[in-house]
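S.K.: data.cif is reproduced in full below (mmCIF, C-alpha atoms and all ligand atoms).
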data_protein
loop_
_atom_site.label_atom_id
_atom_site.label_comp_id
_atom_site.auth_asym_id
_atom_site.auth_seq_id
_atom_site.Cartn_x
_atom_site.Cartn_y
_atom_site.Cartn_z
CA MET A 1 68.25 43.01 115.43
CA ASN A 2 65.75 45.55 114.25
CA ALA A 3 67.49 47.83 111.74
CA SER A 4 65.32 50.77 112.78
CA SER A 5 66.27 50.31 116.44
CA SER A 6 65.54 53.21 118.71
CA THR A 7 68.42 55.54 119.33
CA LEU A 8 69.40 58.13 121.84
CA GLU A 9 70.45 61.76 121.68
CA PHE A 10 72.56 61.23 118.63
CA PRO A 11 70.38 59.13 116.39
CA VAL A 12 71.70 56.51 114.04
CA SER A 13 68.42 56.24 112.18
CA ASP A 14 69.53 53.21 110.25
CA PRO A 15 72.60 51.83 112.01
CA LEU A 16 73.27 49.25 109.33
CA SER A 17 73.44 51.71 106.46
CA TYR A 18 75.56 54.30 108.19
CA THR A 19 78.21 56.01 106.05
CA ALA A 20 81.45 57.19 107.58
CA PRO A 21 81.83 60.98 107.64
CA VAL A 22 84.28 62.91 105.54
CA ALA A 23 87.77 63.52 106.89
CA SER A 24 88.46 66.68 108.86
CA THR A 25 91.63 68.48 109.85
CA CYS A 26 92.49 65.91 112.45
CA SER A 27 92.74 62.20 111.73
CA SER A 28 90.63 59.78 113.72
CA GLY A 29 93.05 56.99 112.87
CA LEU A 30 96.09 55.96 114.85
CA SER A 31 99.19 54.43 113.38
CA ALA A 32 99.22 51.16 115.33
CA ALA A 33 96.62 48.38 115.22
CA PRO A 34 94.73 48.13 118.52
CA TRP A 35 96.04 44.61 119.21
CA THR A 36 99.50 46.15 119.43
CA PHE A 37 98.40 47.13 122.93
CA ASP A 38 97.23 43.65 124.01
CA GLY A 39 99.31 41.90 126.63
CA GLY A 40 101.85 43.78 128.70
CA VAL A 41 101.96 47.24 127.12
CA HIS A 42 102.08 49.99 129.75
CA THR A 43 101.45 53.18 127.80
CA TYR A 44 98.22 54.59 126.41
CA GLY A 45 99.60 54.94 122.91
CA PRO A 46 99.41 57.77 120.39
CA GLY A 47 97.72 60.95 121.54
CA ALA A 48 98.66 60.42 125.18
CA SER A 49 101.63 61.82 127.04
CA LEU A 50 104.63 59.53 127.22
CA LEU A 51 104.53 60.13 130.96
CA ASP A 52 101.09 58.55 131.22
CA ILE A 53 101.63 54.98 132.35
CA ILE A 54 98.76 52.51 132.61
CA PRO A 55 98.52 51.36 136.25
CA SER A 56 99.65 47.78 136.75
CA ALA A 57 96.25 46.83 138.19
CA ALA A 58 94.34 48.02 135.09
CA PRO A 59 92.70 45.22 133.07
CA ARG A 60 94.71 43.78 130.19
CA GLN A 61 93.31 42.25 127.04
CA GLY A 62 94.50 38.78 126.09
CA GLU A 63 95.44 38.18 122.49
CA LEU A 64 92.61 38.51 119.97
CA PRO A 65 92.31 35.23 117.99
CA ASP A 66 94.16 35.36 114.72
CA GLU A 67 91.06 34.90 112.58
CA TYR A 68 89.74 38.26 113.78
CA ARG A 69 93.06 40.07 113.47
CA ARG A 70 93.54 38.84 109.92
CA ALA A 71 89.95 39.29 108.74
CA SER A 72 89.31 41.99 106.17
CA ALA A 73 87.05 44.92 107.01
CA SER A 74 84.31 43.55 104.75
CA ASP A 75 84.52 40.07 106.31
CA LEU A 76 84.25 41.54 109.81
CA ASP A 77 81.33 43.67 108.66
CA LEU A 78 79.44 40.61 107.39
CA ARG A 79 80.18 38.64 110.55
CA ILE A 80 79.07 41.45 112.88
CA ARG A 81 75.84 42.00 110.95
CA ALA A 82 75.09 38.27 110.92
CA ALA A 83 75.71 37.95 114.67
CA LYS A 84 73.53 41.00 115.37
CA LEU A 85 70.75 39.56 113.31
CA ALA A 86 70.97 36.17 115.00
CA LEU A 87 70.99 37.66 118.50
CA GLY A 88 68.10 40.03 117.79
CA GLU A 89 66.53 41.63 120.85
CA ARG A 90 68.79 39.62 123.15
CA LEU A 91 71.56 42.06 122.32
CA VAL A 92 71.98 45.82 122.62
CA ILE A 93 75.10 47.61 121.40
CA LEU A 94 76.04 50.99 122.88
CA GLY A 95 78.48 53.38 121.16
CA HIS A 96 80.08 56.34 122.87
CA PHE A 97 80.20 59.71 121.11
CA TYR A 98 84.00 59.35 120.83
CA GLN A 99 83.91 55.90 119.29
CA ARG A 100 85.24 55.44 115.75
CA ASP A 101 82.66 55.20 112.96
CA GLU A 102 83.68 51.68 111.91
CA VAL A 103 82.24 50.61 115.28
CA VAL A 104 79.51 53.21 115.84
CA GLN A 105 77.76 52.03 112.69
CA TYR A 106 76.62 48.91 114.60
CA ALA A 107 75.40 50.78 117.70
CA ASP A 108 71.73 50.83 118.68
CA PHE A 109 72.36 53.89 120.84
CA VAL A 110 75.03 56.58 120.60
CA GLY A 111 75.57 59.06 123.40
CA ASP A 112 77.71 60.00 126.39
CA SER A 113 78.53 57.46 129.06
CA PHE A 114 75.61 58.19 131.35
CA GLN A 115 73.05 58.50 128.57
CA LEU A 116 74.16 55.11 127.30
CA ALA A 117 73.90 53.45 130.70
CA GLN A 118 70.35 54.81 130.94
CA ALA A 119 69.56 53.82 127.35
CA ALA A 120 70.39 50.19 128.07
CA LYS A 121 67.50 50.14 130.54
CA THR A 122 65.07 50.66 127.67
CA ARG A 123 65.95 47.19 126.34
CA PRO A 124 64.67 44.87 129.06
CA ASP A 125 64.90 41.84 126.76
CA ALA A 126 68.60 42.33 126.15
CA GLU A 127 70.63 39.64 127.88
CA ALA A 128 73.86 41.20 126.69
CA ILE A 129 74.83 44.88 126.66
CA VAL A 130 77.93 45.36 124.52
CA PHE A 131 79.50 48.68 125.48
CA CYS A 132 81.72 50.19 122.79
CA GLY A 133 83.31 52.73 125.09
CA VAL A 134 85.83 52.44 127.91
CA HIS A 135 86.04 50.46 131.14
CA PHE A 136 84.45 52.90 133.62
CA MET A 137 81.46 53.30 131.26
CA ALA A 138 80.87 49.56 131.16
CA GLU A 139 81.07 49.48 134.97
CA THR A 140 78.38 52.16 135.22
CA ALA A 141 76.17 50.28 132.76
CA ASP A 142 76.63 47.12 134.83
CA MET A 143 75.61 48.92 138.03
CA LEU A 144 72.49 50.37 136.41
CA SER A 145 71.41 47.20 134.60
CA ARG A 146 69.68 44.09 135.92
CA PRO A 147 71.87 41.39 137.54
CA ASP A 148 70.90 38.89 134.83
CA GLN A 149 72.15 41.19 132.06
CA SER A 150 75.82 40.87 131.06
CA VAL A 151 77.74 44.02 130.22
CA ILE A 152 80.56 43.30 127.80
CA LEU A 153 83.55 45.48 126.92
CA PRO A 154 84.89 44.14 123.60
CA ASN A 155 88.51 45.03 124.50
CA LEU A 156 89.42 44.96 128.19
CA ALA A 157 92.35 47.30 127.55
CA ALA A 158 89.95 50.10 126.56
CA GLY A 159 90.50 52.09 129.73
CA CYS A 160 90.59 55.82 130.32
CA SER A 161 93.84 57.56 131.19
CA MET A 162 91.96 60.15 133.27
CA ALA A 163 90.05 57.55 135.29
CA ASP A 164 93.33 55.72 135.90
CA MET A 165 94.84 58.85 137.48
CA ALA A 166 92.84 58.38 140.69
CA ASP A 167 92.61 55.02 142.42
CA LEU A 168 90.95 53.98 145.65
CA ASP A 169 94.23 53.66 147.59
CA SER A 170 95.49 57.16 146.79
CA VAL A 171 92.09 58.78 147.36
CA THR A 172 91.73 56.95 150.69
CA GLU A 173 95.19 58.10 151.71
CA CYS A 174 94.28 61.68 150.79
CA TRP A 175 91.04 61.37 152.76
CA GLU A 176 92.88 60.17 155.87
CA GLN A 177 95.23 63.17 155.71
CA LEU A 178 92.27 65.52 155.35
CA GLU A 179 90.46 63.90 158.28
CA GLU A 180 93.55 64.32 160.40
CA LEU A 181 93.74 68.00 159.45
CA PHE A 182 90.07 68.94 159.68
CA GLY A 183 88.58 66.27 161.95
CA THR A 184 85.24 64.69 161.12
CA GLU A 185 82.79 66.93 163.02
CA PRO A 186 80.35 69.07 161.02
CA ASP A 187 80.28 72.86 161.51
CA ALA A 188 77.39 74.85 163.05
CA GLU A 189 75.50 74.63 159.74
CA GLY A 190 75.84 70.85 159.66
CA ARG A 191 78.37 70.83 156.82
CA GLN A 192 81.01 68.09 156.93
CA PRO A 193 84.65 69.32 156.69
CA VAL A 194 85.22 67.86 153.21
CA LEU A 195 82.76 66.35 150.77
CA PRO A 196 83.96 64.11 147.92
CA VAL A 197 82.67 64.74 144.40
CA THR A 198 83.75 62.51 141.55
CA TYR A 199 83.41 63.00 137.83
CA MET A 200 81.60 60.13 136.10
CA ASN A 201 84.97 59.24 134.51
CA CYS A 202 86.32 57.16 137.38
CA SER A 203 86.23 53.58 138.63
CA ALA A 204 83.19 52.11 140.36
CA ALA A 205 85.34 51.91 143.51
CA LEU A 206 85.64 55.71 143.60
CA LYS A 207 81.95 56.23 142.96
CA ALA A 208 81.41 53.88 145.92
CA PHE A 209 83.87 55.93 148.00
CA CYS A 210 81.71 59.01 147.35
CA GLY A 211 78.54 57.12 148.21
CA GLU A 212 80.07 56.01 151.50
CA HIS A 213 81.34 59.46 152.49
CA GLY A 214 78.30 61.63 151.81
CA GLY A 215 79.49 62.51 148.31
CA VAL A 216 78.13 62.44 144.81
CA VAL A 217 78.93 61.86 141.14
CA CYS A 218 78.78 64.56 138.46
CA THR A 219 78.90 64.71 134.68
CA SER A 220 80.30 67.50 132.53
CA SER A 221 76.76 68.80 131.98
CA ASN A 222 75.71 68.99 135.62
CA ALA A 223 78.96 69.76 137.45
CA ALA A 224 77.84 73.25 138.59
CA THR A 225 74.52 71.94 139.95
CA VAL A 226 76.34 69.15 141.77
CA LEU A 227 78.97 71.51 143.23
CA LYS A 228 76.23 73.81 144.53
CA TRP A 229 74.60 70.80 146.21
CA ALA A 230 77.98 69.78 147.66
CA PHE A 231 78.68 73.22 149.14
CA GLU A 232 75.37 73.05 151.02
CA ARG A 233 76.65 69.91 152.72
CA GLY A 234 80.41 70.37 152.88
CA GLN A 235 82.75 73.19 153.85
CA ARG A 236 85.09 72.09 151.08
CA VAL A 237 84.93 69.74 148.13
CA LEU A 238 87.50 67.15 147.15
CA PHE A 239 87.00 66.93 143.37
CA PHE A 240 88.48 64.04 141.38
CA PRO A 241 89.84 62.90 139.01
CA ASP A 242 89.69 65.81 136.48
CA GLN A 243 91.30 69.00 137.71
CA HIS A 244 90.14 70.94 134.64
CA LEU A 245 86.44 70.21 134.93
CA GLY A 246 86.66 71.03 138.64
CA ARG A 247 88.57 74.28 138.09
CA ASN A 248 86.51 75.49 135.14
CA THR A 249 83.26 74.78 136.95
CA ALA A 250 84.28 76.32 140.29
CA LYS A 251 85.74 79.37 138.54
CA ALA A 252 82.47 79.95 136.67
CA MET A 253 80.74 79.81 140.07
CA GLY A 254 82.97 82.66 141.33
CA ILE A 255 85.46 80.69 143.43
CA PRO A 256 88.92 82.30 143.28
CA LEU A 257 91.82 80.22 141.98
CA GLU A 258 93.74 80.56 145.27
CA GLN A 259 90.93 78.65 146.94
CA MET A 260 91.38 75.72 144.55
CA PRO A 261 94.73 74.12 145.36
CA MET A 262 95.77 71.02 143.46
CA TRP A 263 96.11 67.74 145.34
CA ASP A 264 99.16 65.87 144.12
CA PRO A 265 98.81 62.35 145.55
CA ARG A 266 102.58 61.82 145.52
CA ARG A 267 103.26 64.62 148.02
CA PRO A 268 102.40 65.05 151.71
CA LEU A 269 99.19 67.09 152.12
CA GLY A 270 98.94 66.96 148.35
CA GLY A 271 101.77 69.51 148.06
CA SER A 272 99.96 72.36 149.86
CA SER A 273 100.39 73.86 153.30
CA ALA A 274 97.82 73.17 156.02
CA GLU A 275 96.81 76.83 155.87
CA THR A 276 96.18 76.70 152.11
CA LEU A 277 94.03 73.62 152.60
CA ARG A 278 92.09 75.27 155.44
CA ASN A 279 91.23 78.23 153.18
CA ALA A 280 90.37 76.01 150.22
CA LYS A 281 86.90 75.62 148.78
CA VAL A 282 87.81 72.97 146.19
CA LEU A 283 90.72 70.54 146.33
CA LEU A 284 91.47 69.54 142.76
CA TRP A 285 92.88 66.09 142.12
CA HIS A 286 95.91 66.02 139.84
CA GLY A 287 94.14 64.33 136.91
CA PHE A 288 93.36 65.27 133.33
CA CYS A 289 92.17 63.92 130.00
CA SER A 290 95.04 63.21 127.62
CA VAL A 291 92.83 64.16 124.67
CA HIS A 292 91.42 67.44 125.97
CA LYS A 293 94.64 68.71 127.48
CA ARG A 294 96.07 68.91 123.94
CA PHE A 295 93.89 71.89 123.03
CA THR A 296 95.67 75.25 123.29
CA VAL A 297 94.98 78.97 123.13
CA ASP A 298 97.26 79.14 120.07
CA GLN A 299 94.97 76.76 118.20
CA ILE A 300 92.05 79.07 119.00
CA ARG A 301 94.03 82.09 117.74
CA GLN A 302 94.81 80.26 114.49
CA ALA A 303 91.18 79.21 114.04
CA ARG A 304 90.06 82.82 114.49
CA ALA A 305 92.70 84.06 112.04
CA GLN A 306 91.76 81.51 109.38
CA HIS A 307 87.99 81.65 109.88
CA PRO A 308 86.91 85.15 110.87
CA GLY A 309 83.67 84.95 112.84
CA VAL A 310 84.28 81.31 113.84
CA ARG A 311 82.40 80.08 116.93
CA VAL A 312 84.82 78.27 119.23
CA ILE A 313 83.28 75.68 121.56
CA VAL A 314 85.40 73.51 123.82
CA HIS A 315 84.77 70.77 126.35
CA PRO A 316 85.25 71.72 130.03
CA GLU A 317 87.92 68.99 130.34
CA CYS A 318 90.15 71.45 128.44
CA PRO A 319 92.63 73.58 130.43
CA MET A 320 91.25 76.80 131.94
CA ASP A 321 93.08 79.19 129.57
CA VAL A 322 91.53 77.34 126.61
CA VAL A 323 88.03 77.50 128.11
CA ASP A 324 88.56 81.21 128.83
CA ALA A 325 89.70 81.89 125.26
CA ALA A 326 86.79 79.97 123.70
CA ASP A 327 83.40 81.52 123.00
CA GLU A 328 81.59 78.75 124.82
CA SER A 329 82.24 75.52 126.64
CA GLY A 330 80.05 72.57 127.42
CA SER A 331 79.60 68.80 127.47
CA THR A 332 79.62 66.67 124.33
CA ASP A 333 75.86 66.71 124.27
CA SER A 334 75.62 70.47 124.67
CA ILE A 335 78.20 70.99 121.89
CA ARG A 336 75.98 68.88 119.64
CA LYS A 337 72.90 70.84 120.63
CA ALA A 338 74.64 74.20 120.06
CA ILE A 339 75.57 73.16 116.52
CA GLU A 340 72.15 71.78 115.71
CA GLY A 341 70.53 74.89 117.15
CA ALA A 342 72.47 77.31 114.91
CA THR A 343 69.96 78.60 112.35
CA GLU A 344 72.46 80.33 110.02
CA PRO A 345 75.41 78.58 108.32
CA THR A 346 78.24 78.98 110.83
CA ALA A 347 81.90 78.05 111.18
CA PHE A 348 82.52 76.04 114.36
CA ALA A 349 85.95 75.20 115.79
CA ILE A 350 85.43 72.41 118.30
CA GLY A 351 87.73 71.39 121.12
CA THR A 352 86.81 67.80 121.79
CA GLU A 353 87.51 64.28 120.53
CA VAL A 354 87.83 64.11 116.76
CA ASN A 355 85.45 61.22 116.06
CA LEU A 356 82.59 63.26 117.48
CA VAL A 357 83.71 66.40 115.63
CA GLN A 358 83.88 64.58 112.29
CA ARG A 359 80.46 63.02 112.84
CA LEU A 360 78.98 66.41 113.68
CA ALA A 361 80.54 67.81 110.49
CA ALA A 362 79.02 65.02 108.39
CA GLN A 363 75.59 65.40 109.98
CA ASN A 364 75.48 69.19 109.69
CA PRO A 365 76.76 69.96 106.17
CA ARG A 366 75.30 73.49 106.20
CA HIS A 367 77.95 74.42 108.80
CA THR A 368 81.74 74.40 108.58
CA ILE A 369 82.83 72.27 111.52
CA PHE A 370 86.42 71.38 112.30
CA CYS A 371 88.55 70.17 115.18
CA LEU A 372 90.78 72.73 116.90
CA ASP A 373 93.71 70.33 117.07
CA PRO A 374 95.13 69.91 113.56
CA VAL A 375 97.46 67.02 114.40
CA ILE A 376 96.02 64.11 116.33
CA CYS A 377 93.24 64.00 118.87
CA PRO A 378 91.38 60.70 119.01
CA CYS A 379 90.90 58.99 122.35
CA SER A 380 93.56 56.31 122.01
CA THR A 381 91.95 53.96 124.53
CA MET A 382 88.48 54.18 122.95
CA TYR A 383 90.27 53.35 119.66
CA ARG A 384 91.03 49.91 121.03
CA ILE A 385 87.47 48.83 120.33
CA HIS A 386 88.12 47.62 116.80
CA PRO A 387 85.48 45.75 114.71
CA GLY A 388 87.64 42.63 115.18
CA TYR A 389 86.99 42.63 118.95
CA LEU A 390 83.31 43.35 118.37
CA ALA A 391 82.98 40.39 115.99
CA TRP A 392 84.83 38.21 118.50
CA VAL A 393 82.49 38.94 121.43
CA LEU A 394 79.32 38.82 119.30
CA GLU A 395 80.12 35.45 117.73
CA ALA A 396 80.92 34.08 121.19
CA LEU A 397 77.52 35.33 122.39
CA GLU A 398 75.89 33.48 119.53
CA ARG A 399 77.52 30.30 120.83
CA GLY A 400 76.24 31.12 124.32
CA GLU A 401 79.65 32.23 125.61
CA VAL A 402 80.04 35.56 127.44
CA LEU A 403 83.51 37.05 126.95
CA ASN A 404 84.94 40.17 128.63
CA ARG A 405 82.08 40.59 131.09
CA ILE A 406 82.43 43.65 133.34
CA ALA A 407 80.86 42.85 136.70
CA VAL A 408 81.16 45.24 139.64
CA PRO A 409 81.03 43.46 143.03
CA GLU A 410 77.67 44.11 144.69
CA ALA A 411 79.16 45.72 147.82
CA THR A 412 80.91 48.31 145.63
CA ALA A 413 77.93 48.75 143.34
CA ALA A 414 75.56 49.39 146.27
CA ASN A 415 77.61 52.35 147.53
CA ALA A 416 78.30 53.63 144.02
CA ARG A 417 74.56 53.65 143.29
CA ILE A 418 74.04 55.88 146.35
CA ALA A 419 76.36 58.49 144.84
CA LEU A 420 74.73 58.13 141.41
CA GLU A 421 71.24 58.40 142.87
CA ARG A 422 72.19 61.58 144.76
CA MET A 423 73.14 63.05 141.40
CA LEU A 424 69.97 61.86 139.73
CA ALA A 425 67.84 63.34 142.53
CA LEU A 426 69.23 66.77 141.59
CA LYS A 427 67.58 66.44 138.17
CA PRO A 428 69.87 69.04 136.61
CA PRO A 429 68.79 70.36 133.25
CA ALA A 430 71.12 69.55 130.35
CA GLN A 431 72.81 72.91 129.83
CA PRO A 432 73.27 74.50 126.43
CA ALA A 433 76.92 75.12 125.63
CA THR A 434 77.67 78.47 127.23
CA GLY A 435 80.72 79.85 128.93
CA ALA A 436 78.87 80.49 132.16
CA ALA A 437 76.94 77.29 132.43
CA LEU A 438 79.51 74.54 132.65
S1 LIG B 501 88.48 61.21 125.94
FE1 LIG B 501 89.71 61.44 127.80
S2 LIG B 501 88.28 61.26 129.52
FE2 LIG B 501 87.23 60.47 127.66
S3 LIG B 501 87.63 58.25 127.71
FE3 LIG B 501 89.26 59.17 126.44
S4 LIG B 501 90.96 59.57 127.91
FE4 LIG B 501 89.09 59.19 129.12
#
As a first step, turn the structure in this file into structure tokens.
M.R.:
Amino acid sequence: MNASSSTLEFPVSDPLSYTAPVASTCSSGLSAAPWTFDGGVHTYGPGASLLDIIPSAAPRQGELPDEYRRASASDLDLRIRAAKLALGERLVILGHFYQRDEVVQYADFVGDSFQLAQAAKTRPDAEAIVFCGVHFMAETADMLSRPDQSVILPNLAAGCSMADMADLDSVTECWEQLEELFGTEPDAEGRQPVLPVTYMNCSAALKAFCGEHGGVVCTSSNAATVLKWAFERGQRVLFFPDQHLGRNTAKAMGIPLEQMPMWDPRRPLGGSSAETLRNAKVLLWHGFCSVHKRFTVDQIRQARAQHPGVRVIVHPECPMDVVDAADESGSTDSIRKAIEGATEPTAFAIGTEVNLVQRLAAQNPRHTIFCLDPVICPCSTMYRIHPGYLAWVLEALERGEVLNRIAVPEATAANARIALERMLALKPPAQPATGAAL
């Protein structure tokens, strides 16, 4: 592998000589080893709510061979570098912004999930795309890559608690109730009664559902553009799985809260009356990110008290009161751009995953950058991609064996691509981090 490999939005100019950033207020480590979660464990682990249970149908990781669990960090490092070198251009490694540095140091590209799926396309010679992120990201990369390329998720148990909060059965059941209530006929302006919009953080099956039903996918940087498109085609939007991104975006567009009822899949009509649903503009699925829901208005108050003049930027997956109390909100990429664009030394309190915050702090030493949550805020499922799993899949590739391949069935992928292409056709500009431009 070429050590000066091209990189994406967040360059790792020399991935093999990367140094881990200094510690911040919040630890990026978790107390248990990732293989603790292999096998039949049903919770997401530290950082997540105890009430968050991994769905029984979610992929499970079999036991990592002992030699990788017992290997020292330096041994794993040597083995990963050797495998990378041997595989050369046949391999591309993608690292999500929230991935731990022990893994990101081997990535050829670092970015958000969609940027990474697009980045993989720039490596046509790569037979294997190793995605150091979570399951839905690997699915998207598989759908956007060539059929002869294998997308590999080093640990199958690296899921996403938010994506797991909406599944095809419960969304289909919701859809049937809405069709019964509103019918299927468009209004005089040709708008269908309800139009589905899904956040990128969902299964391929739900992206396909949107493709099939006139809907679309959005990211945290284009959600407002996508919602505007959706309102031209639908009288209402069913937004899943993240209630907070949906609420924050619709609120910034001027939609009143009473026109955004929550859809609780465990209750008839999602827990609302038929009249409330008729008046609704956005039906918000009862989903959230276990990492971003931890940020609070109190943390912002404390940051302001301890760092007068601090600039508070949070991700739009944070609850509405947190977004309202912050100075700005925006996607991971726009947070990065806001920091890099600050010309004077500035204090930044950031409300997003700690691995990204610590990396930003290390890369921008002229600024004071810290995570709003002082206790624990890594993405516990992303954490499951440990160097041991990476070494395991890379050494298997060297032997010609593809482990942990993520392959979306073509029928699902075809419909999902429709929803993704509708989003791409909008060509939304990447927004700077501002309160009004979620
Ligand atoms: S940070 Fe939240 S939304 Fe992102 S992968 Fe982790 S659990 Fe999912």
S.K.: Using only C-alpha atoms and all ligand atoms, what are the residues with an atom within 7 Å of ligand LIG 501 (chain B), set out as number ranges by chain?
M.R.: A: 134, 160-163, 201, 289-292, 353, 379-382
S.K.: Atom CA of A:Asp75 and atom CA of A:Glu398, how far apart in Å?
M.R.: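 Between atom CA of A:Glu398 and atom CA of A:Asp75 the gap works out to 17.1 Å.
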S.K.: Quick one: of A:Arg69, A:Lys281, A:His213, A:His386, who's nearest to A:Gly246, counting only C-alpha atoms?
M.R.: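 Closest residue, counting only C-alpha atoms: A:Lys281.
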S.K.: For stretch 61-158 of chain A versus stretch 217-239 of chain A, which residues have an atom no more than 10 Å away, and what is each residue's nearest atom pair and distance in Å rounded to one decimal, using only C-alpha atoms, chain-then-number order, as CSV?
M.R.:
residue,atom,partner,partner_atom,distance
A:Asp112,CA,A:Thr219,CA,9.6
A:Ser113,CA,A:Thr219,CA,9.2
A:Phe114,CA,A:Thr219,CA,8.0
S.K.: Name the closest residue to A:Gly211 among the candidates A:Glu421, A:Asp66, A:Glu89, A:Glu395; distances are taken between atoms, counting only C-alpha atoms.
M.R.: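 Using only C-alpha atoms, the shortest distance to A:Gly211 belongs to A:Glu421.
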S.K.: From (100.1, 49.4, 139.6), in the file's coordinates, out to 12 Å: which residues are reached, counting only C-alpha atoms? Answer as a short mmCIF file (atom, residue, chain, number, x, y, z; two decimals) with C-alpha atoms, in the frame of the given file.
M.R.:
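The new file point_18.cif reads:
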data_model
loop_
_atom_site.label_atom_id
_atom_site.label_comp_id
_atom_site.auth_asym_id
_atom_site.auth_seq_id
_atom_site.Cartn_x
_atom_site.Cartn_y
_atom_site.Cartn_z
CA HIS A 42 102.08 49.99 129.75
CA ILE A 53 101.63 54.98 132.35
CA ILE A 54 98.76 52.51 132.61
CA PRO A 55 98.52 51.36 136.25
CA SER A 56 99.65 47.78 136.75
CA ALA A 57 96.25 46.83 138.19
CA ALA A 58 94.34 48.02 135.09
CA PRO A 59 92.70 45.22 133.07
CA ASP A 164 93.33 55.72 135.90
CA MET A 165 94.84 58.85 137.48
CA ALA A 166 92.84 58.38 140.69
CA ASP A 167 92.61 55.02 142.42
CA LEU A 168 90.95 53.98 145.65
CA ASP A 169 94.23 53.66 147.59
CA SER A 170 95.49 57.16 146.79
#
S.K.: Figure out the distance between atom CA of A:Ala126 and atom CA of A:Ile80, please, to one decimal in Å.
M.R.: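 Separating atom CA of A:Ile80 from atom CA of A:Ala126 is a distance of 16.9 Å.
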S.K.: A:Ala157, A:Ala128, A:Leu64, A:Leu178: which is nearest A:Ala274, counting only C-alpha atoms?
M.R.: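 Selected residue with least distance to A:Ala274: A:Leu178.
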S.K.: Residues within 8 Å of A:Phe131, please, as a list of chain:residue names. Count all atoms listed in the file; anything in the same chain fewer than 5 positions from it doesn't count.
M.R.: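 Final neighbour list, sorted by chain and number: A:Ile93, A:Leu94, A:Gly95, A:Met137, A:Ala138, A:Val151, A:Ile152, A:Leu153, A:Pro154.
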S.K.: Restricting the calculation to all atoms listed in the file, which member of A:Val171, A:Val92, A:Met423, A:Ile255 is positioned closest to A:Leu269?
M.R.: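 Using all atoms listed in the file, A:Leu269 sits closest to A:Val171.
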S.K.: Which residues are near A:Gln115? Cut-off 10 Å, all atoms listed in the file, ignore same chain within fewer than 4 positions. Put them as a PyMOL selection string.
M.R.: chain A and resi 8-9+94+96+109-111+119-120+141+333
S.K.: Considering all atoms listed in the file, state which residue in the set A:Glu258, A:Asp327, A:Asp148, A:Glu180 is at the smallest distance from A:Ala349.
M.R.: A:Asp327
S.K.: Which residue, A:Ala362, A:Val312, A:Val130, A:Ala416, has the smallest gap to A:Thr346 when you use only C-alpha atoms?
M.R.: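 Once distances to A:Thr346 are computed over only C-alpha atoms, the minimum belongs to A:Val312.
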S.K.: By how many Å are atom CA of A:Asp321 and atom CA of A:Arg294 apart?
M.R.: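 So the answer is 12.1 Å.
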S.K.: For stretch 401-414 of chain A, work out the shell of residues within 7 Å, counting all atoms listed in the file and skipping chain neighbours fewer than 3 positions away, then give it as a VMD selection string.
M.R.: chain A and resid 138 to 139 142 to 143 150 to 154 156 204 to 205 208 393 396 to 397 417 to 418
S.K.: Would you write out those residues with C-alpha atoms, as a JSON list (two decimals), in the coordinates of the input?
M.R.:
[["chain", "number", "residue", "atom", "x", "y", "z"],
["A", 138, "ALA", "CA", 80.87, 49.56, 131.16],
["A", 139, "GLU", "CA", 81.07, 49.48, 134.97],
["A", 142, "ASP", "CA", 76.63, 47.12, 134.83],
["A", 143, "MET", "CA", 75.61, 48.92, 138.03],
["A", 150, "SER", "CA", 75.82, 40.87, 131.06],
["A", 151, "VAL", "CA", 77.74, 44.02, 130.22],
["A", 152, "ILE", "CA", 80.56, 43.30, 127.80],
["A", 153, "LEU", "CA", 83.55, 45.48, 126.92],
["A", 154, "PRO", "CA", 84.89, 44.14, 123.60],
["A", 156, "LEU", "CA", 89.42, 44.96, 128.19],
["A", 204, "ALA", "CA", 83.19, 52.11, 140.36],
["A", 205, "ALA", "CA", 85.34, 51.91, 143.51],
["A", 208, "ALA", "CA", 81.41, 53.88, 145.92],
["A", 393, "VAL", "CA", 82.49, 38.94, 121.43],
["A", 396, "ALA", "CA", 80.92, 34.08, 121.19],
["A", 397, "LEU", "CA", 77.52, 35.33, 122.39],
["A", 417, "ARG", "CA", 74.56, 53.65, 143.29],
["A", 418, "ILE", "CA", 74.04, 55.88, 146.35]]
S.K.: If we count only C-alpha atoms, what is near A:Val216 at a cut-off of 7 Å, once residues fewer than 3 positions away on the same chain are taken out, given as a VMD selection string?
M.R.: chain A and resid 196 to 198 210 to 211 419 to 420 422 to 423
